[in-house]
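Notes follow once the structure below has been shown.
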Amino acid sequence: MRCGRRKALEEFRFFATIRCRLPRAWPDVGGPCSARLFPPFVSSRPSCLGSTVLPSSPDHPGSFSADRRSASGGGTGGASAGAGDAWSSFAAARTAADFCSAWLSLQCLQVPEVRAALLLLEQGGGTFVPAAVWPSAQSDVTYLAPAAEQCLGERQGKVLRGLPGALVIVAYPVELDGQLHGAAVLDVVERADDALQGVLRQLHWGIGWLETLFLRRQNLADAEILQRARIALDVLAVAGEQGRLPAMAMAVVNDLASRFACERVALGVDRGGRVRLLALSHSAFFEPKSQFVAALESAMDEALDQRRSVAYPPLAEADDGIAIAHRDFAAPRAVCSVVLASRGIGVGVLSFERGTPFTSDDRRAFEAVGSLLAPLLHSRIELHRWFAGRLVDKLRRIWQHLGDRRRPGLRVAVAFAVVLLLGVLFLDGDYRISARAVVEGEVQRAAVAPFAGFLREAPVRAGFVVRQGQMLATLDERDLLVERQRALAEREQHGARYRDALAKHERASANVSLAQMQQAESQLALVEDKLFRARIVAPFDGIVVSGDLSQLLGSPVEQGKLLFEIAPLDAYRVILKVEDRDIRDVRAGQTGKLVLSGLAGEALDFEVRNISMAEAEDGRNVFRVEAQLARNDLKLRPGMEGVGKINAGAQSHAWIWTHRLTDWLRLQAWTWLP
């Protein structure tokens with residue numbers, strides 16, 4: 001059945017489009033035909049689609065006048081003439097009331113023996129009012145109210161018998177896309193059930209004409225909304241083309257004046273609770289203190305204070321509020337002011353002037369333009385203001401929020417922030433100088449090559465823990481052994497010559513041989529010493545800090561070449577690399593704490609011993625500051641790095657956090673100023 005209705009709906013829509021010229025709205029629904037009826041009644045169910053509550057009415061008299069009987073059951077010729085007149089009236093209907101009356105007459109003519117009929121349509125908010133009454137607008141049909149209420153409540157066709165004042169009542173709801181729009185109620189004479197089902201079918205098909213009217217009405221309303229949206233978007237595009245606020249305001253008012261055929265359009269913005277005129281159409285300049293501008297700004301203030309659109313002369317369809325200033329400003333012209341609101345805040349007012357009065361459609365179009373233009377205007381106003389002005393507005397909003405009793409958390413947060421700021425400015429804290437630090441051995445002993453030779457063995461390298469006397473490396477001894485044998489042989493040879501000269505009493509030869517023998521002994525002692533030093537050993541217990549000769553076995557080494565560096569395991573010092581901008585606050589004897597990467601969970605105490613000379617490192621100038629650790633029983637290794645902080649006294653927290661910035665600014669000022 002629903003598909004059949006859709007098919008008939010398309011046929012009816014075509015016929016209605018060609019001939020009916022349906023009305024645009026419902027200004028006259030419930031007009032003359034509701035003079036003797038009951039007042040509009042409102043749905044008592046929460047869904048607004050349920051049953052309606054009608055006022056109680058006395059029983060309708062059982063007998064009807066002759067004109068009703070003739071209209072419902074007259075001769076064939078009269079019925080044909082009546083049907084022709086009804087179709088003519090239906091086709092020529094220009095208003096909603098005429099259309100509904102003609103439609104109801106057609107239904108009553110197509111259904112035989114109808115005594116009375118009522119068409120209810122929704123007026124808005126769940127309120128249903130009589131749109132047409134048959135056979136005449138003065139007919140009393142209040143006895144049909146219970147049937148209409150039941151039909152609207154159940155939202156389905158009903159055949160009711162035994163109701164006061166009627167034999168059989170047939171009621172059918174008017175629905176479109178699941179929305180209840182009203183009901184048609186017919187009082188018919190008693191007949192068979194099949195005939196009553198035929199009456200329901202006739203109403204079912206006939207309601208398609210009403211659905212066509214509703215669709216046309218909705219299409220017209222949608223078209224008006226789209227037209228207003230198009231105008232608003234066009235105005236917004238014009239405003240968006242301008243980069244600055246004055247140019248944007250002038251472009252907007254000129255475009256609106258030409259688009260709506262207005263004599264003058266003005267744009268004012270809110271400045272401290274008062275509207276100030278920003279742009280006037282077709283006027284490059286205006287006198288801000290003139291009487292005309294003062295009257296116009298007063299009218300804009302009137303609209304902004306009420307936060308609503310104000311028109312003079314007042315519109316007949318709506319309450320425009322107070323319009324005293326508009327009346328004084330308008331004189332013989334018509335004025336309409338629209339408030340531009342962004343995020344619930346009024347930012348400006350658009351004022352339109354022309355010779356003819358404005359309509360509700362005009363005001364809705366103005367409001368559509370204002371709703372899209374307001375956010376853009378607000379952003380341009382904020383960009384147009386100086387930073388100090390935006391800061392003042394921000395502080396003013398914060399102050400307003402502080403005065404709001406519904407925000408106690410904000411008050412607590414602001415109070416805490418103020419106390420914290422005062423503490424930062426006036427309370428002193430520990431000023432500590434941070435610097436990168438490295439651990440070194442307090443003493444580092446170098447192991448060098450005692451003489452030139454070749455490396456034979458090197459069992460240790462950097463990182464090895466060695467004991468005192470442990471071999472670090474050995475030089476090749478073969479040449480020394482040969483030289484020792486040669487020195488021994490020379491000593492024996494010269495000793496034999498010395499003894500032979502003594503036996504021969506050759507004193508001169510004995511003295512020469514003795515000298516040569518002593519020379520050979522000296523060479524032998526030198527070779528023995530080299531053989532002893534060819535084995536390089538650790539001078540004390542410690543760790544090899546540097547040196548790795550495992551890849552240089554057999555290579556020659558020069559006398560005095562550094563082979564290893566050894567540091568003790570129980571004595572360390574800390575080297576702090578302090579930047580030159582902080583060295584002025586470092587003194588010998590100051591204390592501090594050191595946190596190493598390998599011991600991040602423990603802070604080590606130290607004391608500054610000496611401040612060495614500056615050196616360049618990573619493109620910066622740093623000073624080597626030597627410090628002594630308070631404890632030496634820790635598991636430290638030379639070369640461990642971390643961050644040390646030297647205690648440099650007490651300063652205010654504000655100075656601690658800003659002194660580097662102020663020093664940099666002073667240096668830059670000294671550099672660039674003449």
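Ordering of the structure tokens sets the chain letters (A, B, ...); residue numbers start at 1 within each chain; ligands are numbered from 1 in the order shown.
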
Problem set entry | Residues near region 531-537 of chain A, cut-off 12 Å, only C-alpha atoms, skip fewer than 6 positions along chain, as a ChimeraX atom specification | /A:445-460,466-484,524-525,544,557,559,562-566

Exercise. Neighbours of region 511-514 of chain A within 10 Å (only C-alpha atoms; same-chain residues fewer than 4 positions away dropped), as a PyMOL selection string?
Worked result: chain A and resi 491+493-502+506-507+518-520

For this session: Quick one: everything within 6 Å of Val253 (chain A), counting only C-alpha atoms, minus sequence neighbours fewer than 3 positions away in the same chain. Send it as a PyMOL selection string.
Result: chain A and resi 250+256+265+281

Exercise. For Asp428 (chain A), which residue among A:Ala650, A:Ala503, A:Leu673, A:Val608 is the nearest when counting only C-alpha atoms?
Worked result: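 Going through A:Ala650, A:Ala503, A:Leu673, A:Val608 one by one, the smallest distance to Asp428 (chain A) is for A:Ala650.
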
Exercise. Tell me, which residues of region 72-224 of chain A carry DSSP strand (DSSP E or B), written as a count of residues only?
Worked result: 42

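Computed from the coordinates, the CA of Asp222 (chain A) to CA of Trp87 (chain A) distance equals 29.4 Å.
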
Problem set entry | Interatomic distance, CA of Arg155 (chain A) to CA of Ala183 (chain A) (Å, one decimal) |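 Distance reported for this atom pair: 8.9 Å.
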
Hey, what's within 9 Å of region 333-337 of chain A if we count only C-alpha atoms and toss same-chain stuff fewer than 4 positions away? As a PDB file with N, CA and C atoms, in the first residue's frame, please?
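Dumped to part.pdb:
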ATOM      1  N   ALA A 299      21.293  53.581  17.892  1.00  0.00           N
ATOM      2  CA  ALA A 299      20.418  52.500  17.423  1.00  0.00           C
ATOM      3  C   ALA A 299      21.146  51.159  17.448  1.00  0.00           C
ATOM      4  N   MET A 300      22.411  51.146  17.061  1.00  0.00           N
ATOM      5  CA  MET A 300      23.187  49.909  17.118  1.00  0.00           C
ATOM      6  C   MET A 300      23.361  49.432  18.556  1.00  0.00           C
ATOM      7  N   ALA A 303      20.285  47.536  19.721  1.00  0.00           N
ATOM      8  CA  ALA A 303      20.229  46.145  19.274  1.00  0.00           C
ATOM      9  C   ALA A 303      21.252  45.281  20.007  1.00  0.00           C
ATOM     10  N   LEU A 304      22.462  45.814  20.209  1.00  0.00           N
ATOM     11  CA  LEU A 304      23.507  45.030  20.874  1.00  0.00           C
ATOM     12  C   LEU A 304      23.162  44.764  22.330  1.00  0.00           C
ATOM     13  N   ARG A 308      19.593  40.974  20.048  1.00  0.00           N
ATOM     14  CA  ARG A 308      18.581  40.492  19.124  1.00  0.00           C
ATOM     15  C   ARG A 308      18.451  41.496  17.986  1.00  0.00           C
ATOM     16  N   SER A 309      17.856  41.028  16.899  1.00  0.00           N
ATOM     17  CA  SER A 309      17.615  41.901  15.757  1.00  0.00           C
ATOM     18  C   SER A 309      16.440  42.820  16.052  1.00  0.00           C
ATOM     19  N   VAL A 310      16.576  44.084  15.632  1.00  0.00           N
ATOM     20  CA  VAL A 310      15.551  45.104  15.874  1.00  0.00           C
ATOM     21  C   VAL A 310      15.225  45.761  14.542  1.00  0.00           C
ATOM     22  N   ALA A 311      13.925  45.894  14.244  1.00  0.00           N
ATOM     23  CA  ALA A 311      13.476  46.525  13.005  1.00  0.00           C
ATOM     24  C   ALA A 311      12.430  47.579  13.322  1.00  0.00           C
ATOM     25  N   TYR A 312      12.448  48.640  12.530  1.00  0.00           N
ATOM     26  CA  TYR A 312      11.410  49.670  12.627  1.00  0.00           C
ATOM     27  C   TYR A 312      11.089  50.139  11.204  1.00  0.00           C
ATOM     28  N   PRO A 313       9.819  50.095  10.822  1.00  0.00           N
ATOM     29  CA  PRO A 313       8.624  49.686  11.581  1.00  0.00           C
ATOM     30  C   PRO A 313       8.700  48.218  12.001  1.00  0.00           C
ATOM     31  N   HIS A 326      15.753  53.197  17.306  1.00  0.00           N
ATOM     32  CA  HIS A 326      15.524  52.972  15.879  1.00  0.00           C
ATOM     33  C   HIS A 326      14.417  53.886  15.356  1.00  0.00           C
ATOM     34  N   ARG A 327      13.395  54.087  16.161  1.00  0.00           N
ATOM     35  CA  ARG A 327      12.314  54.975  15.733  1.00  0.00           C
ATOM     36  C   ARG A 327      12.819  56.410  15.589  1.00  0.00           C
ATOM     37  N   PHE A 329      15.859  57.315  14.948  1.00  0.00           N
ATOM     38  CA  PHE A 329      16.826  57.415  13.853  1.00  0.00           C
ATOM     39  C   PHE A 329      16.175  57.236  12.489  1.00  0.00           C
ATOM     40  N   VAL A 349      27.448  45.170  14.895  1.00  0.00           N
ATOM     41  CA  VAL A 349      26.051  45.327  14.483  1.00  0.00           C
ATOM     42  C   VAL A 349      26.043  45.778  13.028  1.00  0.00           C
ATOM     43  N   LEU A 350      25.169  45.159  12.221  1.00  0.00           N
ATOM     44  CA  LEU A 350      24.906  45.583  10.856  1.00  0.00           C
ATOM     45  C   LEU A 350      23.572  46.322  10.840  1.00  0.00           C
ATOM     46  N   SER A 351      23.549  47.513  10.271  1.00  0.00           N
ATOM     47  CA  SER A 351      22.325  48.316  10.212  1.00  0.00           C
ATOM     48  C   SER A 351      21.988  48.586   8.749  1.00  0.00           C
ATOM     49  N   PHE A 352      20.709  48.300   8.373  1.00  0.00           N
ATOM     50  CA  PHE A 352      20.230  48.465   6.995  1.00  0.00           C
ATOM     51  C   PHE A 352      19.158  49.557   6.981  1.00  0.00           C
ATOM     52  N   GLU A 353      19.192  50.403   5.936  1.00  0.00           N
ATOM     53  CA  GLU A 353      18.209  51.479   5.776  1.00  0.00           C
ATOM     54  C   GLU A 353      17.702  51.482   4.339  1.00  0.00           C
ATOM     55  N   ARG A 354      16.390  51.674   4.201  1.00  0.00           N
ATOM     56  CA  ARG A 354      15.804  51.859   2.878  1.00  0.00           C
ATOM     57  C   ARG A 354      14.434  52.501   3.028  1.00  0.00           C
ATOM     58  N   GLY A 355      13.828  52.851   1.901  1.00  0.00           N
ATOM     59  CA  GLY A 355      12.555  53.546   1.947  1.00  0.00           C
ATOM     60  C   GLY A 355      11.378  52.663   2.235  1.00  0.00           C
ATOM     61  N   THR A 356      11.400  51.391   1.816  1.00  0.00           N
ATOM     62  CA  THR A 356      10.278  50.472   2.041  1.00  0.00           C
ATOM     63  C   THR A 356      10.523  49.636   3.285  1.00  0.00           C
ATOM     64  N   PRO A 357       9.460  49.233   3.994  1.00  0.00           N
ATOM     65  CA  PRO A 357       9.654  48.431   5.215  1.00  0.00           C
ATOM     66  C   PRO A 357      10.291  47.082   4.906  1.00  0.00           C
ATOM     67  N   PHE A 358      10.983  46.585   5.894  1.00  0.00           N
ATOM     68  CA  PHE A 358      11.615  45.271   5.770  1.00  0.00           C
ATOM     69  C   PHE A 358      10.609  44.184   6.114  1.00  0.00           C
ATOM     70  N   ARG A 363      14.830  40.001   7.183  1.00  0.00           N
ATOM     71  CA  ARG A 363      15.548  39.883   8.455  1.00  0.00           C
ATOM     72  C   ARG A 363      16.249  38.538   8.563  1.00  0.00           C
ATOM     73  N   PHE A 366      19.364  38.780   6.568  1.00  0.00           N
ATOM     74  CA  PHE A 366      20.380  39.567   7.280  1.00  0.00           C
ATOM     75  C   PHE A 366      21.033  38.741   8.387  1.00  0.00           C
TER      76      PHE A 366
END
